[in-house]
file coords34.pdb (PDB, C-alpha atoms and all ligand atoms)
ATOM      1  CA  MET A  11       4.655   4.801  -4.264  1.00  0.00           C
ATOM      2  CA  LYS A  12       7.063   4.950  -1.365  1.00  0.00           C
ATOM      3  CA  ALA A  13       6.643   6.279   2.143  1.00  0.00           C
ATOM      4  CA  ASN A  14       8.933   8.800   3.796  1.00  0.00           C
ATOM      5  CA  VAL A  15       9.655   8.273   7.475  1.00  0.00           C
ATOM      6  CA  THR A  16      10.473  11.147   9.850  1.00  0.00           C
ATOM      7  CA  GLU A  17      10.740  11.128  13.648  1.00  0.00           C
ATOM      8  CA  ILE A  18       8.683  14.196  14.576  1.00  0.00           C
ATOM      9  CA  ALA A  19       8.819  13.741  18.381  1.00  0.00           C
ATOM     10  CA  SER A  20      10.617  11.284  20.625  1.00  0.00           C
ATOM     11  CA  ASP A  21       9.733   7.798  19.289  1.00  0.00           C
ATOM     12  CA  ILE A  22       6.859   9.170  17.191  1.00  0.00           C
ATOM     13  CA  PHE A  23       7.470   8.463  13.510  1.00  0.00           C
ATOM     14  CA  ARG A  24       5.530  10.078  10.699  1.00  0.00           C
ATOM     15  CA  ILE A  25       5.028   7.705   7.776  1.00  0.00           C
ATOM     16  CA  SER A  26       4.016   9.778   4.785  1.00  0.00           C
ATOM     17  CA  THR A  27       2.939   8.613   1.350  1.00  0.00           C
ATOM     18  CA  PHE A  28       1.968  11.085  -1.344  1.00  0.00           C
ATOM     19  CA  HIS A  29      -0.814   9.690  -3.515  1.00  0.00           C
ATOM     20  CA  PRO A  30      -0.736  11.379  -6.939  1.00  0.00           C
ATOM     21  CA  ASP A  31      -4.358  10.468  -7.769  1.00  0.00           C
ATOM     22  CA  PHE A  32      -5.616  12.321  -4.704  1.00  0.00           C
ATOM     23  CA  GLY A  33      -2.880  14.982  -4.730  1.00  0.00           C
ATOM     24  CA  ILE A  34      -2.462  14.648  -0.974  1.00  0.00           C
ATOM     25  CA  GLN A  35      -0.344  12.828   1.570  1.00  0.00           C
ATOM     26  CA  PHE A  36      -1.713   9.996   3.669  1.00  0.00           C
ATOM     27  CA  ASN A  37       0.216  10.020   6.944  1.00  0.00           C
ATOM     28  CA  GLN A  38       0.339   7.397   9.645  1.00  0.00           C
ATOM     29  CA  PHE A  39       2.118   7.805  12.969  1.00  0.00           C
ATOM     30  CA  LEU A  40       3.979   4.979  14.630  1.00  0.00           C
ATOM     31  CA  ILE A  41       4.592   5.363  18.369  1.00  0.00           C
ATOM     32  CA  ARG A  42       7.498   3.124  19.336  1.00  0.00           C
ATOM     33  CA  ASP A  43       7.053   1.914  22.901  1.00  0.00           C
ATOM     34  CA  GLU A  44       6.496  -1.278  24.921  1.00  0.00           C
ATOM     35  CA  GLU A  45       3.086  -1.569  23.252  1.00  0.00           C
ATOM     36  CA  PRO A  46       3.649  -0.008  19.825  1.00  0.00           C
ATOM     37  CA  VAL A  47       0.769   1.997  18.372  1.00  0.00           C
ATOM     38  CA  LEU A  48       0.058   2.689  14.724  1.00  0.00           C
ATOM     39  CA  MET A  49      -2.197   5.716  14.474  1.00  0.00           C
ATOM     40  CA  HIS A  50      -4.187   5.381  11.213  1.00  0.00           C
ATOM     41  CA  ALA A  51      -4.192   2.024   9.461  1.00  0.00           C
ATOM     42  CA  GLY A  52      -4.099   3.756   6.073  1.00  0.00           C
ATOM     43  CA  LEU A  53      -5.915   2.789   2.901  1.00  0.00           C
ATOM     44  CA  LYS A  54      -6.163  -0.926   2.206  1.00  0.00           C
ATOM     45  CA  LYS A  55      -4.716  -0.389  -1.271  1.00  0.00           C
ATOM     46  CA  MET A  56      -1.658   1.345   0.226  1.00  0.00           C
ATOM     47  CA  PHE A  57      -1.038  -1.355   2.821  1.00  0.00           C
ATOM     48  CA  PRO A  58       2.176  -2.791   1.260  1.00  0.00           C
ATOM     49  CA  VAL A  59       3.760   0.679   1.225  1.00  0.00           C
ATOM     50  CA  THR A  60       2.799   1.393   4.842  1.00  0.00           C
ATOM     51  CA  LEU A  61       3.910  -2.070   5.953  1.00  0.00           C
ATOM     52  CA  GLU A  62       7.350  -1.596   4.417  1.00  0.00           C
ATOM     53  CA  ALA A  63       7.716   1.732   6.233  1.00  0.00           C
ATOM     54  CA  VAL A  64       6.619   0.299   9.600  1.00  0.00           C
ATOM     55  CA  ALA A  65       9.064  -2.590   9.093  1.00  0.00           C
ATOM     56  CA  SER A  66      11.888  -0.064   8.755  1.00  0.00           C
ATOM     57  CA  ILE A  67      11.163   1.063  12.354  1.00  0.00           C
ATOM     58  CA  ILE A  68       9.889  -1.995  14.273  1.00  0.00           C
ATOM     59  CA  ASP A  69       8.893  -5.591  13.629  1.00  0.00           C
ATOM     60  CA  PRO A  70       5.290  -5.132  12.381  1.00  0.00           C
ATOM     61  CA  ALA A  71       4.258  -8.370  14.125  1.00  0.00           C
ATOM     62  CA  LYS A  72       4.916  -6.595  17.448  1.00  0.00           C
ATOM     63  CA  LEU A  73       2.271  -3.909  16.873  1.00  0.00           C
ATOM     64  CA  ARG A  74      -0.147  -3.856  19.793  1.00  0.00           C
ATOM     65  CA  TRP A  75      -2.636  -1.097  18.929  1.00  0.00           C
ATOM     66  CA  ILE A  76      -4.113   0.252  15.707  1.00  0.00           C
ATOM     67  CA  GLY A  77      -5.690   3.589  16.567  1.00  0.00           C
ATOM     68  CA  PHE A  78      -7.746   6.018  14.552  1.00  0.00           C
ATOM     69  CA  SER A  79     -10.130   8.929  14.864  1.00  0.00           C
ATOM     70  CA  HIS A  80     -13.175   7.887  12.853  1.00  0.00           C
ATOM     71  CA  PHE A  81     -14.405   5.193  10.504  1.00  0.00           C
ATOM     72  CA  GLU A  82     -13.102   6.128   7.041  1.00  0.00           C
ATOM     73  CA  SER A  83     -10.779   4.224   4.735  1.00  0.00           C
ATOM     74  CA  ASP A  84      -7.710   6.400   5.251  1.00  0.00           C
ATOM     75  CA  GLU A  85      -8.156   5.973   9.012  1.00  0.00           C
ATOM     76  CA  CYS A  86      -8.888   2.250   9.141  1.00  0.00           C
ATOM     77  CA  GLY A  87      -9.204   0.744   5.621  1.00  0.00           C
ATOM     78  CA  ALA A  88      -6.243  -1.593   6.189  1.00  0.00           C
ATOM     79  CA  LEU A  89      -7.239  -2.491   9.757  1.00  0.00           C
ATOM     80  CA  ASN A  90      -7.801  -6.182   9.040  1.00  0.00           C
ATOM     81  CA  GLU A  91      -4.487  -6.412   7.188  1.00  0.00           C
ATOM     82  CA  TRP A  92      -2.711  -5.121  10.324  1.00  0.00           C
ATOM     83  CA  LEU A  93      -4.695  -7.453  12.600  1.00  0.00           C
ATOM     84  CA  ASN A  94      -3.486 -10.299  10.392  1.00  0.00           C
ATOM     85  CA  VAL A  95       0.175  -9.232  10.383  1.00  0.00           C
ATOM     86  CA  ALA A  96       0.283  -8.546  14.136  1.00  0.00           C
ATOM     87  CA  PRO A  97      -1.441 -11.374  16.039  1.00  0.00           C
ATOM     88  CA  ASN A  98      -1.582  -9.488  19.369  1.00  0.00           C
ATOM     89  CA  SER A  99      -2.844  -6.250  17.883  1.00  0.00           C
ATOM     90  CA  GLN A 100      -6.229  -4.710  18.452  1.00  0.00           C
ATOM     91  CA  ALA A 101      -8.049  -1.682  17.148  1.00  0.00           C
ATOM     92  CA  VAL A 102      -8.498   1.145  19.634  1.00  0.00           C
ATOM     93  CA  CYS A 103     -11.091   3.835  18.970  1.00  0.00           C
ATOM     94  CA  SER A 104     -14.104   5.615  20.395  1.00  0.00           C
ATOM     95  CA  PHE A 105     -16.936   3.697  22.034  1.00  0.00           C
ATOM     96  CA  VAL A 106     -19.253   4.896  19.256  1.00  0.00           C
ATOM     97  CA  GLY A 107     -16.788   3.804  16.572  1.00  0.00           C
ATOM     98  CA  ALA A 108     -16.431   0.328  18.050  1.00  0.00           C
ATOM     99  CA  VAL A 109     -20.151  -0.256  18.547  1.00  0.00           C
ATOM    100  CA  VAL A 110     -21.445   1.350  15.345  1.00  0.00           C
ATOM    101  CA  SER A 111     -18.855   0.227  12.770  1.00  0.00           C
ATOM    102  CA  VAL A 112     -15.583  -1.359  13.808  1.00  0.00           C
ATOM    103  CA  ASP A 113     -16.767  -4.437  15.660  1.00  0.00           C
ATOM    104  CA  ASP A 114     -18.666  -5.566  12.585  1.00  0.00           C
ATOM    105  CA  PHE A 115     -16.000  -4.581  10.049  1.00  0.00           C
ATOM    106  CA  ALA A 116     -12.945  -5.833  11.927  1.00  0.00           C
ATOM    107  CA  ASP A 117     -11.803  -9.440  12.320  1.00  0.00           C
ATOM    108  CA  ARG A 118     -11.317  -8.934  16.087  1.00  0.00           C
ATOM    109  CA  PRO A 119     -13.179  -6.658  18.506  1.00  0.00           C
ATOM    110  CA  ALA A 120     -11.791  -3.198  19.171  1.00  0.00           C
ATOM    111  CA  ARG A 121     -10.915  -1.745  22.539  1.00  0.00           C
ATOM    112  CA  PRO A 122     -13.463   1.041  22.957  1.00  0.00           C
ATOM    113  CA  LEU A 123     -12.389   4.179  24.819  1.00  0.00           C
ATOM    114  CA  ASN A 124     -14.592   6.643  26.601  1.00  0.00           C
ATOM    115  CA  ASP A 125     -13.889  10.340  26.764  1.00  0.00           C
ATOM    116  CA  GLY A 126     -10.871  11.042  28.977  1.00  0.00           C
ATOM    117  CA  GLU A 127      -9.695   7.424  29.212  1.00  0.00           C
ATOM    118  CA  VAL A 128      -5.940   6.813  29.122  1.00  0.00           C
ATOM    119  CA  LEU A 129      -4.178   4.129  27.094  1.00  0.00           C
ATOM    120  CA  GLU A 130      -0.882   3.241  28.799  1.00  0.00           C
ATOM    121  CA  ILE A 131       1.588   1.896  26.259  1.00  0.00           C
ATOM    122  CA  GLY A 132       4.865   2.102  28.223  1.00  0.00           C
ATOM    123  CA  ARG A 133       6.683   5.425  28.408  1.00  0.00           C
ATOM    124  CA  HIS A 134       3.872   7.186  26.546  1.00  0.00           C
ATOM    125  CA  ARG A 135       0.399   7.798  27.928  1.00  0.00           C
ATOM    126  CA  LEU A 136      -2.297   8.428  25.352  1.00  0.00           C
ATOM    127  CA  ARG A 137      -5.373  10.258  26.548  1.00  0.00           C
ATOM    128  CA  PHE A 138      -8.448   9.783  24.391  1.00  0.00           C
ATOM    129  CA  LEU A 139     -10.813  12.668  23.806  1.00  0.00           C
ATOM    130  CA  ALA A 140     -14.215  12.059  22.274  1.00  0.00           C
ATOM    131  CA  THR A 141     -14.667  14.837  19.692  1.00  0.00           C
ATOM    132  CA  PRO A 142     -17.932  14.107  17.840  1.00  0.00           C
ATOM    133  CA  HIS A 143     -17.985  15.805  14.398  1.00  0.00           C
ATOM    134  CA  VAL A 144     -14.460  17.239  14.897  1.00  0.00           C
ATOM    135  CA  PRO A 145     -12.890  16.926  12.373  1.00  0.00           C
ATOM    136  CA  HIS A 146     -16.016  15.064  11.204  1.00  0.00           C
ATOM    137  CA  ALA A 147     -18.126  11.970  11.891  1.00  0.00           C
ATOM    138  CA  TRP A 148     -20.204  11.023  14.947  1.00  0.00           C
ATOM    139  CA  ASP A 149     -17.588   8.550  16.149  1.00  0.00           C
ATOM    140  CA  ALA A 150     -14.652  10.960  15.949  1.00  0.00           C
ATOM    141  CA  GLY A 151     -12.081  11.149  18.711  1.00  0.00           C
ATOM    142  CA  LEU A 152      -8.473  12.249  19.053  1.00  0.00           C
ATOM    143  CA  PHE A 153      -5.507  10.919  20.994  1.00  0.00           C
ATOM    144  CA  PHE A 154      -3.149  13.132  22.980  1.00  0.00           C
ATOM    145  CA  ASP A 155       0.258  11.841  24.000  1.00  0.00           C
ATOM    146  CA  GLU A 156       0.579  13.391  27.452  1.00  0.00           C
ATOM    147  CA  THR A 157       4.194  12.298  27.802  1.00  0.00           C
ATOM    148  CA  ASP A 158       5.614  14.458  25.034  1.00  0.00           C
ATOM    149  CA  LYS A 159       2.557  16.638  24.446  1.00  0.00           C
ATOM    150  CA  THR A 160       1.805  15.476  20.913  1.00  0.00           C
ATOM    151  CA  LEU A 161      -1.754  15.784  19.622  1.00  0.00           C
ATOM    152  CA  LEU A 162      -2.675  13.294  16.901  1.00  0.00           C
ATOM    153  CA  CYS A 163      -4.888  15.617  14.881  1.00  0.00           C
ATOM    154  CA  SER A 164      -6.457  13.368  12.231  1.00  0.00           C
ATOM    155  CA  ASP A 165      -7.865  15.687   9.523  1.00  0.00           C
ATOM    156  CA  LEU A 166      -7.495  18.939  11.460  1.00  0.00           C
ATOM    157  CA  PHE A 167      -4.961  21.246   9.754  1.00  0.00           C
ATOM    158  CA  PHE A 168      -5.507  19.471   6.408  1.00  0.00           C
ATOM    159  CA  GLN A 169      -3.113  20.703   3.721  1.00  0.00           C
ATOM    160  CA  PRO A 170      -3.026  19.370   0.142  1.00  0.00           C
ATOM    161  CA  GLY A 171       0.076  18.552  -1.913  1.00  0.00           C
ATOM    162  CA  ASP A 172       3.320  17.023  -0.698  1.00  0.00           C
ATOM    163  CA  PRO A 173       4.720  19.483   1.852  1.00  0.00           C
ATOM    164  CA  GLU A 174       7.653  19.049   4.258  1.00  0.00           C
ATOM    165  CA  PRO A 175       7.346  16.540   7.116  1.00  0.00           C
ATOM    166  CA  LEU A 176       7.567  19.045   9.950  1.00  0.00           C
ATOM    167  CA  THR A 177       7.338  22.801  10.124  1.00  0.00           C
ATOM    168  CA  GLU A 178       7.732  25.370  12.862  1.00  0.00           C
ATOM    169  CA  SER A 179       6.127  28.089  10.777  1.00  0.00           C
ATOM    170  CA  ASP A 180       2.459  28.918  10.370  1.00  0.00           C
ATOM    171  CA  LEU A 181       0.172  25.996   9.579  1.00  0.00           C
ATOM    172  CA  VAL A 182      -3.049  27.890  10.117  1.00  0.00           C
ATOM    173  CA  GLY A 183      -2.646  30.016   6.986  1.00  0.00           C
ATOM    174  CA  ARG A 184      -2.270  26.911   4.840  1.00  0.00           C
ATOM    175  CA  ALA A 185      -5.144  25.143   6.610  1.00  0.00           C
ATOM    176  CA  LYS A 186      -7.329  28.217   6.060  1.00  0.00           C
ATOM    177  CA  GLU A 187      -6.658  28.138   2.304  1.00  0.00           C
ATOM    178  CA  SER A 188      -7.706  24.473   2.242  1.00  0.00           C
ATOM    179  CA  ILE A 189     -10.897  25.145   4.198  1.00  0.00           C
ATOM    180  CA  ILE A 190     -11.879  27.989   1.850  1.00  0.00           C
ATOM    181  CA  ALA A 191     -11.028  25.955  -1.273  1.00  0.00           C
ATOM    182  CA  GLY A 192     -12.956  22.994   0.156  1.00  0.00           C
ATOM    183  CA  LEU A 193     -16.175  24.996   0.292  1.00  0.00           C
ATOM    184  CA  SER A 194     -16.504  24.800  -3.494  1.00  0.00           C
ATOM    185  CA  SER A 195     -15.080  21.306  -3.995  1.00  0.00           C
ATOM    186  CA  PRO A 196     -17.054  18.087  -4.642  1.00  0.00           C
ATOM    187  CA  LEU A 197     -16.006  17.052  -1.120  1.00  0.00           C
ATOM    188  CA  ALA A 198     -17.544  20.143   0.509  1.00  0.00           C
ATOM    189  CA  ASN A 199     -19.362  19.992   3.840  1.00  0.00           C
ATOM    190  CA  ASP A 200     -16.976  17.509   5.420  1.00  0.00           C
ATOM    191  CA  MET A 201     -17.055  19.359   8.736  1.00  0.00           C
ATOM    192  CA  PRO A 202     -20.440  20.375  10.104  1.00  0.00           C
ATOM    193  CA  TYR A 203     -20.355  23.357  12.453  1.00  0.00           C
ATOM    194  CA  THR A 204     -22.212  22.142  15.527  1.00  0.00           C
ATOM    195  CA  PRO A 205     -22.961  23.628  18.960  1.00  0.00           C
ATOM    196  CA  TYR A 206     -19.896  21.680  20.193  1.00  0.00           C
ATOM    197  CA  THR A 207     -17.359  22.591  17.490  1.00  0.00           C
ATOM    198  CA  ASP A 208     -15.800  25.642  19.107  1.00  0.00           C
ATOM    199  CA  LYS A 209     -15.899  24.137  22.609  1.00  0.00           C
ATOM    200  CA  THR A 210     -14.204  20.966  21.352  1.00  0.00           C
ATOM    201  CA  LEU A 211     -11.419  22.870  19.593  1.00  0.00           C
ATOM    202  CA  ARG A 212     -10.826  25.077  22.638  1.00  0.00           C
ATOM    203  CA  ARG A 213     -10.586  21.980  24.809  1.00  0.00           C
ATOM    204  CA  LEU A 214      -7.884  20.661  22.470  1.00  0.00           C
ATOM    205  CA  ALA A 215      -6.033  23.986  22.674  1.00  0.00           C
ATOM    206  CA  GLU A 216      -6.059  23.766  26.495  1.00  0.00           C
ATOM    207  CA  LEU A 217      -3.936  20.620  26.220  1.00  0.00           C
ATOM    208  CA  GLU A 218      -1.093  22.926  25.085  1.00  0.00           C
ATOM    209  CA  PRO A 219       0.375  20.495  22.564  1.00  0.00           C
ATOM    210  CA  GLN A 220       3.963  21.047  21.489  1.00  0.00           C
ATOM    211  CA  THR A 221       3.647  18.872  18.388  1.00  0.00           C
ATOM    212  CA  LEU A 222       0.656  18.529  16.071  1.00  0.00           C
ATOM    213  CA  ALA A 223       0.719  15.261  14.118  1.00  0.00           C
ATOM    214  CA  VAL A 224      -1.322  15.956  10.977  1.00  0.00           C
ATOM    215  CA  MET A 225      -2.822  13.249   8.763  1.00  0.00           C
ATOM    216  CA  HIS A 226      -2.697  15.180   5.480  1.00  0.00           C
ATOM    217  CA  GLY A 227       0.161  17.676   5.201  1.00  0.00           C
ATOM    218  CA  SER A 228       3.024  18.857   7.387  1.00  0.00           C
ATOM    219  CA  SER A 229       3.161  18.258  11.085  1.00  0.00           C
ATOM    220  CA  PHE A 230       3.891  21.212  13.335  1.00  0.00           C
ATOM    221  CA  ARG A 231       6.165  21.889  16.255  1.00  0.00           C
ATOM    222  CA  GLY A 232       5.613  24.985  18.358  1.00  0.00           C
ATOM    223  CA  ASP A 233       2.795  26.655  20.246  1.00  0.00           C
ATOM    224  CA  GLY A 234      -0.053  24.209  19.693  1.00  0.00           C
ATOM    225  CA  ARG A 235      -2.443  26.165  21.898  1.00  0.00           C
ATOM    226  CA  ARG A 236      -2.051  29.182  19.682  1.00  0.00           C
ATOM    227  CA  ALA A 237      -2.326  27.183  16.455  1.00  0.00           C
ATOM    228  CA  ILE A 238      -5.539  25.410  17.523  1.00  0.00           C
ATOM    229  CA  THR A 239      -7.082  28.616  18.884  1.00  0.00           C
ATOM    230  CA  ASP A 240      -6.337  30.344  15.581  1.00  0.00           C
ATOM    231  CA  LEU A 241      -7.750  27.388  13.655  1.00  0.00           C
ATOM    232  CA  ALA A 242     -10.926  27.547  15.758  1.00  0.00           C
ATOM    233  CA  GLY A 243     -11.292  31.192  14.686  1.00  0.00           C
ATOM    234  CA  VAL A 244     -10.820  30.305  11.015  1.00  0.00           C
ATOM    235  CA  ILE A 245     -13.353  27.460  11.229  1.00  0.00           C
ATOM    236  CA  LYS A 246     -15.908  29.664  12.963  1.00  0.00           C
ATOM    237  CA  GLU A 247     -15.496  32.363  10.336  1.00  0.00           C
ATOM    238  CA  ALA A 248     -15.681  29.978   7.371  1.00  0.00           C
ATOM    239  CA  LEU A 249     -18.217  27.428   8.578  1.00  0.00           C
ATOM    240  CA  GLY A 250     -20.011  28.863  11.604  1.00  0.00           C
TER     241      GLY A 250
HETATM  242 FE    FE A 301     -11.670  11.952   7.862  1.00  0.00          FE
HETATM  243 FE    FE A 302      -8.079  11.788   6.644  1.00  0.00          FE
END

call {"tool": "encode", "arguments": {"input": "coords34.pdb", "output": "structure tokens"}}
result
Amino acid sequence: MKANVTEIASDIFRISTFHPDFGIQFNQFLIRDEEPVLMHAGLKKMFPVTLEAVASIIDPAKLRWIGFSHFESDECGALNEWLNVAPNSQAVCSFVGAVVSVDDFADRPARPLNDGEVLEIGRHRLRFLATPHVPHAWDAGLFFDETDKTLLCSDLFFQPGDPEPLTESDLVGRAKESIIAGLSSPLANDMPYTPYTDKTLRRLAELEPQTLAVMHGSSFRGDGRRAITDLAGVIKEALG
């Protein structure tokens, strides 16, 4: 396995590894700044591949923050490996994530963020939004880079296979196919439709992202408000 690296926005690098056993990509995003951030630690078993890719961009020992949306192995399985490689690094996640899972699992305590808090990392400002159960899990949250208007989407806009790094054409159609196919898969019911689902997605759309950094599948550049609003409609129709 080898990762492909693509700069999808200014100093935001998509590190993508296609895993043939799963038939999907696992993507991490490295934000190169004074305090470098790796968004998604990746699976523990894929750590050497991700490490090699990060090392092609920055010195991995200089990583400051390991961020993620929710407590699952593709989000934070290799967290302790990163904490070991980068002595000044720290996990950064939701308050719920830190208290419920991460501070027991991780070798060092996380920095917990509350809804709306900003993580200043240099040129980029990352605003944290608590998004419980979007895309899934109680502890879920998402980071929005206010500087260049990039939303780190975690599992939203999931697409299977090994598609191109970045597209300016429709992502919602592909995401819709995945949502429909997922309904009859062994991994069905990943996203519960709650009283907050639509409100949460519409709040994300209001951020007017210009880039959507997607964990599984292509990232998107274009009208993020439109894409998220359309996705909210698809989710409501399929799951609501
Ligand atoms: Fe997930
Ligand atoms: Fe994921």

call {"tool": "residues_near_ligand", "arguments": {"input": "coords34.pdb", "ligand": "ligand FE 301 (chain A)", "cutoff": "7 Å", "atoms": "all atoms listed in the file", "output": "list in words"}}
result
His80, Glu82, Pro145, His146, Ser164 and Asp165 of chain A

call {"tool": "residues_near_ligand", "arguments": {"input": "coords34.pdb", "ligand": "ligand FE 302 (chain A)", "cutoff": "12 Å", "atoms": "all atoms listed in the file", "output": "JSON, numbers by chain"}}
result
{"A": [32, 34, 35, 36, 37, 38, 49, 50, 51, 52, 53, 78, 79, 80, 81, 82, 83, 84, 85, 86, 87, 144, 145, 146, 147, 150, 162, 163, 164, 165, 166, 167, 168, 169, 170, 200, 201, 224, 225, 226, 227]}

call {"tool": "residues_around", "arguments": {"input": "coords34.pdb", "residues": "region 179-182 of chain A", "least_positions_apart": "5", "cutoff": "7 Å", "atoms": "all atoms listed in the file", "output": "NGL selection string"}}
result
:A and (167 or 237 or 240-241)

call {"tool": "resolve_selection", "arguments": {"input": "coords34.pdb", "expression": "the PyMOL selection byres (((chain A and resi 76) around 8) and not hetatm)", "output": "PDB file with C-alpha atoms, keeping the file's coordinate frame"}}
result
ATOM      1  CA  VAL A  47       0.769   1.997  18.372  1.00  0.00           C
ATOM      2  CA  LEU A  48       0.058   2.689  14.724  1.00  0.00           C
ATOM      3  CA  MET A  49      -2.197   5.716  14.474  1.00  0.00           C
ATOM      4  CA  HIS A  50      -4.187   5.381  11.213  1.00  0.00           C
ATOM      5  CA  ALA A  51      -4.192   2.024   9.461  1.00  0.00           C
ATOM      6  CA  LEU A  73       2.271  -3.909  16.873  1.00  0.00           C
ATOM      7  CA  ARG A  74      -0.147  -3.856  19.793  1.00  0.00           C
ATOM      8  CA  TRP A  75      -2.636  -1.097  18.929  1.00  0.00           C
ATOM      9  CA  GLY A  77      -5.690   3.589  16.567  1.00  0.00           C
ATOM     10  CA  PHE A  78      -7.746   6.018  14.552  1.00  0.00           C
ATOM     11  CA  LEU A  89      -7.239  -2.491   9.757  1.00  0.00           C
ATOM     12  CA  TRP A  92      -2.711  -5.121  10.324  1.00  0.00           C
ATOM     13  CA  SER A  99      -2.844  -6.250  17.883  1.00  0.00           C
ATOM     14  CA  GLN A 100      -6.229  -4.710  18.452  1.00  0.00           C
ATOM     15  CA  ALA A 101      -8.049  -1.682  17.148  1.00  0.00           C
ATOM     16  CA  VAL A 102      -8.498   1.145  19.634  1.00  0.00           C
TER      17      VAL A 102
END

call {"tool": "atom_distance", "arguments": {"input": "coords34.pdb", "atom1": "CA of Glu216 (chain A)", "atom2": "CA of Arg235 (chain A)"}}
result
6.3 Å
